[in-house]
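Participant: Please read through the structure below; I'll follow up with questions.
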Amino acid sequence: MELQIKSLEDLLVERGRVSTEDLRKIRKLQAERGERIERLLLDLGFISEDDLLPVFSEYLGVPLVSRKELPSTAVSIPGLNVKFLRHARVLPMSLTDGVLTAAMADPGDRDSRQGLEVATGCRLKPLLAKEKDIVEALEECYGENSEGQGEGGGGDGLVEYLSEDEEDVDHLRDLASEAPVIRFVNVLINRAVESRASDIHIEPFENELKVRYRIDGVLHDVDAPQRRLQAAIVSRIKIMAKLNIAERRLPQDGRIKLRMMGKEIDLRVSTLPTLYGESVVLRILDRGSIVLDLTKLGFPKDTQSLWDQLIVKPYGMILVTGPTGSGKTTTLYGSLNNINSPDKKIITIEDPVEYQLNGVNQIHVKPQIGLTFASGLRSIVRQDPDVIMVGEIRDAETAEIAIQAALTGHLVFSTLHTNDAAGAVSRLLEMGVEDYLLASSLLGVLAQRLVRRICPECRRPVEGMLADQAELRSFMSDGKNGDRTSLDLANQPLFEGAGCETCSHTGFRGRAGIYELLMVDDAVRRAILDHASADAIRAKAIDLGMRTLREDGWRTVREGTTTLSEIIRVTRD
């Protein structure tokens, strides 16, 4: 019985299971992927399996059976190969008078139906069941002693978790090549892109496999597969990233390039051996989503005006600081894009190159062959550049070469991992950089964080107080430099997100930056030469008008961009 897709579509719309707009989107995607529409509807979450199967059953004229109706003991039928049953997602239920009754995840699969009839010599009476129920029943019926399974006891056709001693490369490759595993990984990535996730975390634990998406900087649990799928899923990702699937004792890094939903997606893959298997993190780099316009990053006008003055200097060093994921690279790319012109040669050295910039020479460090930040930077200087970007200053050698480049007529951009702008000065001095060289070369330091924006669709005023005013006032003014924030909650309307479909009921959608810009003037240079502490340099800069991260955060709260709790979350020491 062959599926007539259009008739099924009509029935789904008639029963109110999907909208005509959803079908229009799915048809467009089907043209790219070539998969069946009912499978795409399920995989992309347009319809649940519970909603689809009754309509599917009605269309095919095949009864729908529940998990309780499936047998718990194997039905002995000559000619049946368990590997085939598991691959086709078919569970024999009974054999009576030459009629084989079998539950199928897809009774419309003509090849599987014909294969069963040829193998058994019986006429097939198909029933429809959930794929998950069939897999569980197959495991219950055939999990221990299966004919035709081959070595390993679990069967090449069944995806299951095995110990390291039982796993071999061929078995892993077979598991990773199964259609359900390939489909799961594709759906996992597709849904992450649709959810605007920046990272996918796959984490094995003793009794479960957790999958989480990092959306707007915060991790969220998503539906995870069964624990036994872990080895197959990790192997599939490794194959896509061209990693060694046999190596499970050491961390590995790789990259995947995909075209999905009409967009080019780069995935940075990292595997890490843990107690219960390999943990995998996929960093999603959507080339089309990078914001190169600094005005759209959330810069306040006065800070952006000062920053624009810095990045057009002919030489010197400019630093951007903040933790991982605070948007440092995006700020640097936006800055390079602003000053990129035919009369400037710009070279970057990064780990890795996250996005490709037109007209910019970009280098990917490869420590395994000796191409480090320090060695690469030495060679860059000999290439006669006007502007140099160093992905990160990690050691004294890189810091020294970068400063020498800044002193010899190059504009140098780089990043550091420090909590605030003044901390960058202390960090470089602690690395062994000479104070007079740092004072002469450093132009400015920008510290930044990313805060979640309140969802515009469900934004509403906050009713009542969120916390004690005195405590909030102390926090927002840093507790060090007096109350400079004019924090008057009684007269200041605050906003929050109620939660809606647009923001997945989180109350937030998208992110904005908050900034602290330390301009290195004569007063700050004297403080550097005096080896003043980070707190002393910070106080000096505040006296000269620097707005701290928390003060800039309070600005975004007053504007209704984000919430007080969000500022507290990202700026708490």
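Residue names in the structure tokens use chain letters A, B, ... in the order shown, residue numbers from 1 in each chain, and ligand numbers from 1 in the order shown.
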Just want the 9 Å neighbourhood of range 335-339 of chain A, counted on only C-alpha atoms, with same-chain residues fewer than 3 positions away dropped. Output as a VMD selection string.

Facilitator: chain A and resid 292 to 294 307 to 308 311 to 312 330 to 332 344 346 357 to 358 360 387 389

Participant: Please write the residues from the selection above to a file, keeping C-alpha atoms, as an mmCIF file, in the first residue's frame.

Facilitator:
data_model
loop_
_atom_site.group_PDB
_atom_site.id
_atom_site.type_symbol
_atom_site.label_atom_id
_atom_site.label_comp_id
_atom_site.auth_asym_id
_atom_site.auth_seq_id
_atom_site.Cartn_x
_atom_site.Cartn_y
_atom_site.Cartn_z
ATOM 1 C CA LEU A 292 28.691 43.449 12.202
ATOM 2 C CA ASP A 293 26.891 46.755 12.811
ATOM 3 C CA LEU A 294 28.072 48.099 16.183
ATOM 4 C CA TRP A 307 34.982 53.493 20.822
ATOM 5 C CA ASP A 308 34.735 54.833 17.265
ATOM 6 C CA ILE A 311 39.410 52.073 16.483
ATOM 7 C CA VAL A 312 40.577 54.630 13.914
ATOM 8 C CA THR A 330 31.441 39.862 17.689
ATOM 9 C CA THR A 331 32.550 43.288 18.960
ATOM 10 C CA LEU A 332 35.981 42.849 17.393
ATOM 11 C CA LYS A 344 44.235 48.965 5.011
ATOM 12 C CA ILE A 346 44.043 43.586 8.137
ATOM 13 C CA LEU A 357 35.279 38.630 6.886
ATOM 14 C CA ASN A 358 35.539 39.919 3.337
ATOM 15 C CA VAL A 360 40.478 40.329 5.829
ATOM 16 C CA VAL A 387 45.682 46.289 11.639
ATOM 17 C CA MET A 389 43.676 41.075 15.570
#

Participant: Taking 6 positions as the minimum chain separation for residues in the same chain, which residues sit within 12 Å of Asn207 in chain A when counting only C-alpha atoms? Answer as a short mmCIF file (atom, residue, chain, number, x, y, z; two decimals) with all heavy atoms, in the first residue's frame.

Facilitator:
data_model
loop_
_atom_site.label_atom_id
_atom_site.label_comp_id
_atom_site.auth_asym_id
_atom_site.auth_seq_id
_atom_site.Cartn_x
_atom_site.Cartn_y
_atom_site.Cartn_z
N TYR A 161 23.61 0.86 24.08
CA TYR A 161 24.85 1.27 24.74
C TYR A 161 25.63 0.03 25.14
O TYR A 161 25.09 -0.88 25.77
CB TYR A 161 24.51 2.11 25.98
CG TYR A 161 25.73 2.53 26.74
CD1 TYR A 161 26.54 3.55 26.25
CD2 TYR A 161 26.09 1.90 27.91
CE1 TYR A 161 27.67 3.94 26.93
CE2 TYR A 161 27.23 2.28 28.59
CZ TYR A 161 28.01 3.30 28.10
OH TYR A 161 29.13 3.68 28.78
N PRO A 225 17.10 11.45 23.82
CA PRO A 225 16.86 10.06 23.39
C PRO A 225 17.14 9.09 24.53
O PRO A 225 17.62 9.48 25.61
CB PRO A 225 17.87 9.89 22.26
CG PRO A 225 19.00 10.79 22.64
CD PRO A 225 18.36 11.98 23.30
N GLN A 226 16.88 7.82 24.30
CA GLN A 226 17.17 6.82 25.32
C GLN A 226 18.68 6.69 25.52
O GLN A 226 19.47 6.93 24.63
CB GLN A 226 16.57 5.48 24.90
CG GLN A 226 15.05 5.50 24.80
CD GLN A 226 14.48 4.18 24.35
OE1 GLN A 226 15.17 3.16 24.36
NE2 GLN A 226 13.21 4.19 23.96
N ARG A 227 19.03 6.26 26.72
CA ARG A 227 20.45 6.18 27.11
C ARG A 227 21.25 5.30 26.16
O ARG A 227 22.41 5.57 25.86
CB ARG A 227 20.54 5.65 28.54
CG ARG A 227 21.97 5.43 29.05
CD ARG A 227 22.70 6.74 29.20
NE ARG A 227 24.00 6.57 29.80
CZ ARG A 227 25.11 6.28 29.15
NH1 ARG A 227 25.05 6.09 27.83
NH2 ARG A 227 26.26 6.18 29.76
N ARG A 228 20.62 4.23 25.64
CA ARG A 228 21.37 3.29 24.80
C ARG A 228 21.75 3.87 23.44
O ARG A 228 22.55 3.28 22.72
CB ARG A 228 20.57 2.00 24.61
CG ARG A 228 19.27 2.17 23.84
CD ARG A 228 18.67 0.81 23.52
NE ARG A 228 17.42 0.94 22.81
CZ ARG A 228 16.22 0.88 23.37
NH1 ARG A 228 16.14 0.73 24.68
NH2 ARG A 228 15.12 0.97 22.65
N GLN A 230 23.38 6.59 23.06
CA GLN A 230 24.52 7.50 23.24
C GLN A 230 25.70 7.17 22.33
O GLN A 230 26.24 8.05 21.65
CB GLN A 230 24.97 7.49 24.70
CG GLN A 230 26.02 8.54 25.03
CD GLN A 230 27.40 7.93 25.19
OE1 GLN A 230 27.53 6.72 25.38
NE2 GLN A 230 28.43 8.76 25.14
N TYR A 276 30.77 8.30 32.31
CA TYR A 276 29.76 7.44 31.70
C TYR A 276 29.75 7.53 30.18
O TYR A 276 28.75 7.22 29.54
CB TYR A 276 28.38 7.79 32.26
CG TYR A 276 28.27 7.51 33.74
CD1 TYR A 276 28.24 8.56 34.66
CD2 TYR A 276 28.24 6.21 34.22
CE1 TYR A 276 28.16 8.31 36.02
CE2 TYR A 276 28.16 5.94 35.58
CZ TYR A 276 28.12 7.00 36.48
OH TYR A 276 28.05 6.74 37.82
N GLY A 277 30.84 7.96 29.59
CA GLY A 277 30.92 8.05 28.14
C GLY A 277 31.37 9.43 27.72
O GLY A 277 31.75 10.26 28.55
#

Participant: May I have all residues of range 215-255 of chain A that DSSP, computed from the backbone, assigns to strand (DSSP E or B), given as a VMD selection string?

Facilitator: chain A and resid 215 218 to 222 252 to 255

Participant: Nearest to His201 in chain A: which of A:Glu136, A:Glu278, A:Ala129, A:Asn361 is it, counting only C-alpha atoms?

Facilitator: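 Of A:Glu136, A:Glu278, A:Ala129, A:Asn361, the one nearest His201 in chain A, counting only C-alpha atoms, is A:Glu278.
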
Participant: Given the choices A:Cys500, A:Ala447, A:Leu80, A:Ala541, which gets closest to Gly327 in chain A if the distance is worked out from only C-alpha atoms?

Facilitator: A:Ala447

Participant: CA of Ala88 in chain A and CA of Asp111 in chain A, how far apart in Å?

Facilitator: 9.4 Å

Participant: Considering only alpha helix (DSSP H) as DSSP defines it on the backbone, what residues of range 358-535 of chain A qualify? List them as a count of residues only.

Facilitator: 56

Participant: With only C-alpha atoms as the counted atoms, please give the residues lying no more than 10 Å from Ala421 in chain A, apart from itself and same-chain residues fewer than 4 positions off, as a list in words.

Facilitator: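 Using only C-alpha atoms, the neighbours found are Leu319, Val320, Thr321, Gly322, Leu416, Val425, Ser426, Gly444, Val445, Leu446, Ala447, Gln448, Tyr515, Glu516, Leu517, Leu518, Met519, Ala534, Ile537, Arg538, Ala541, Thr548 and Leu549 of chain A.
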
Participant: Would you mind exporting N, CA and C atoms of the selected residues as a PDB file, in the first residue's frame?

Facilitator:
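Result file selection.pdb:
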ATOM      1  N   LEU A 319      41.923  46.452  23.829  1.00  0.00           N
ATOM      2  CA  LEU A 319      41.536  45.162  24.385  1.00  0.00           C
ATOM      3  C   LEU A 319      40.039  45.102  24.650  1.00  0.00           C
ATOM      4  N   VAL A 320      39.475  43.907  24.470  1.00  0.00           N
ATOM      5  CA  VAL A 320      38.097  43.633  24.862  1.00  0.00           C
ATOM      6  C   VAL A 320      38.135  42.489  25.864  1.00  0.00           C
ATOM      7  N   THR A 321      37.485  42.668  27.010  1.00  0.00           N
ATOM      8  CA  THR A 321      37.546  41.656  28.068  1.00  0.00           C
ATOM      9  C   THR A 321      36.152  41.167  28.424  1.00  0.00           C
ATOM     10  N   GLY A 322      36.125  40.011  29.061  1.00  0.00           N
ATOM     11  CA  GLY A 322      34.867  39.419  29.490  1.00  0.00           C
ATOM     12  C   GLY A 322      34.989  37.911  29.475  1.00  0.00           C
ATOM     13  N   LEU A 416      41.049  39.492  26.446  1.00  0.00           N
ATOM     14  CA  LEU A 416      41.536  38.908  27.693  1.00  0.00           C
ATOM     15  C   LEU A 416      40.338  38.423  28.493  1.00  0.00           C
ATOM     16  N   VAL A 425      44.624  45.512  32.865  1.00  0.00           N
ATOM     17  CA  VAL A 425      45.934  46.116  33.132  1.00  0.00           C
ATOM     18  C   VAL A 425      46.697  45.257  34.125  1.00  0.00           C
ATOM     19  N   SER A 426      46.043  44.884  35.227  1.00  0.00           N
ATOM     20  CA  SER A 426      46.705  44.054  36.239  1.00  0.00           C
ATOM     21  C   SER A 426      47.131  42.713  35.670  1.00  0.00           C
ATOM     22  N   GLY A 444      42.912  51.655  25.137  1.00  0.00           N
ATOM     23  CA  GLY A 444      41.654  51.529  25.856  1.00  0.00           C
ATOM     24  C   GLY A 444      41.288  50.076  26.075  1.00  0.00           C
ATOM     25  N   VAL A 445      40.404  49.839  27.061  1.00  0.00           N
ATOM     26  CA  VAL A 445      39.939  48.484  27.374  1.00  0.00           C
ATOM     27  C   VAL A 445      38.418  48.521  27.485  1.00  0.00           C
ATOM     28  N   LEU A 446      37.773  47.629  26.763  1.00  0.00           N
ATOM     29  CA  LEU A 446      36.319  47.528  26.805  1.00  0.00           C
ATOM     30  C   LEU A 446      35.931  46.223  27.489  1.00  0.00           C
ATOM     31  N   ALA A 447      35.255  46.325  28.645  1.00  0.00           N
ATOM     32  CA  ALA A 447      34.691  45.137  29.291  1.00  0.00           C
ATOM     33  C   ALA A 447      33.226  45.036  28.890  1.00  0.00           C
ATOM     34  N   GLN A 448      32.740  43.829  28.683  1.00  0.00           N
ATOM     35  CA  GLN A 448      31.352  43.687  28.250  1.00  0.00           C
ATOM     36  C   GLN A 448      30.724  42.400  28.744  1.00  0.00           C
ATOM     37  N   TYR A 515      28.309  47.614  28.656  1.00  0.00           N
ATOM     38  CA  TYR A 515      29.722  47.910  28.395  1.00  0.00           C
ATOM     39  C   TYR A 515      30.335  48.799  29.481  1.00  0.00           C
ATOM     40  N   GLU A 516      31.647  48.637  29.621  1.00  0.00           N
ATOM     41  CA  GLU A 516      32.460  49.463  30.523  1.00  0.00           C
ATOM     42  C   GLU A 516      33.740  49.803  29.748  1.00  0.00           C
ATOM     43  N   LEU A 517      33.879  51.058  29.354  1.00  0.00           N
ATOM     44  CA  LEU A 517      35.010  51.462  28.515  1.00  0.00           C
ATOM     45  C   LEU A 517      36.008  52.287  29.319  1.00  0.00           C
ATOM     46  N   LEU A 518      37.203  51.738  29.465  1.00  0.00           N
ATOM     47  CA  LEU A 518      38.299  52.422  30.155  1.00  0.00           C
ATOM     48  C   LEU A 518      39.198  53.078  29.109  1.00  0.00           C
ATOM     49  N   MET A 519      39.152  54.379  29.047  1.00  0.00           N
ATOM     50  CA  MET A 519      40.033  55.131  28.150  1.00  0.00           C
ATOM     51  C   MET A 519      41.354  55.392  28.868  1.00  0.00           C
ATOM     52  N   ALA A 534      44.138  47.056  40.476  1.00  0.00           N
ATOM     53  CA  ALA A 534      43.008  47.173  39.560  1.00  0.00           C
ATOM     54  C   ALA A 534      41.911  48.053  40.155  1.00  0.00           C
ATOM     55  N   ILE A 537      42.969  51.724  39.769  1.00  0.00           N
ATOM     56  CA  ILE A 537      42.822  52.182  38.375  1.00  0.00           C
ATOM     57  C   ILE A 537      41.345  52.360  38.043  1.00  0.00           C
ATOM     58  N   ARG A 538      40.538  51.451  38.531  1.00  0.00           N
ATOM     59  CA  ARG A 538      39.100  51.527  38.292  1.00  0.00           C
ATOM     60  C   ARG A 538      38.513  52.791  38.926  1.00  0.00           C
ATOM     61  N   ALA A 541      39.449  55.790  36.912  1.00  0.00           N
ATOM     62  CA  ALA A 541      38.675  55.896  35.685  1.00  0.00           C
ATOM     63  C   ALA A 541      37.245  56.361  35.963  1.00  0.00           C
ATOM     64  N   THR A 548      30.452  52.092  34.863  1.00  0.00           N
ATOM     65  CA  THR A 548      30.750  50.684  35.138  1.00  0.00           C
ATOM     66  C   THR A 548      29.727  49.782  34.454  1.00  0.00           C
ATOM     67  N   LEU A 549      30.033  48.493  34.465  1.00  0.00           N
ATOM     68  CA  LEU A 549      29.127  47.522  33.861  1.00  0.00           C
ATOM     69  C   LEU A 549      27.746  47.568  34.514  1.00  0.00           C
TER      70      LEU A 549
END

Participant: What is the CA of Lys83 in chain A-CA of Thr120 in chain A distance in Å, reported with one decimal?

Facilitator: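 Going from CA of Lys83 in chain A over to CA of Thr120 in chain A covers 14.9 Å.
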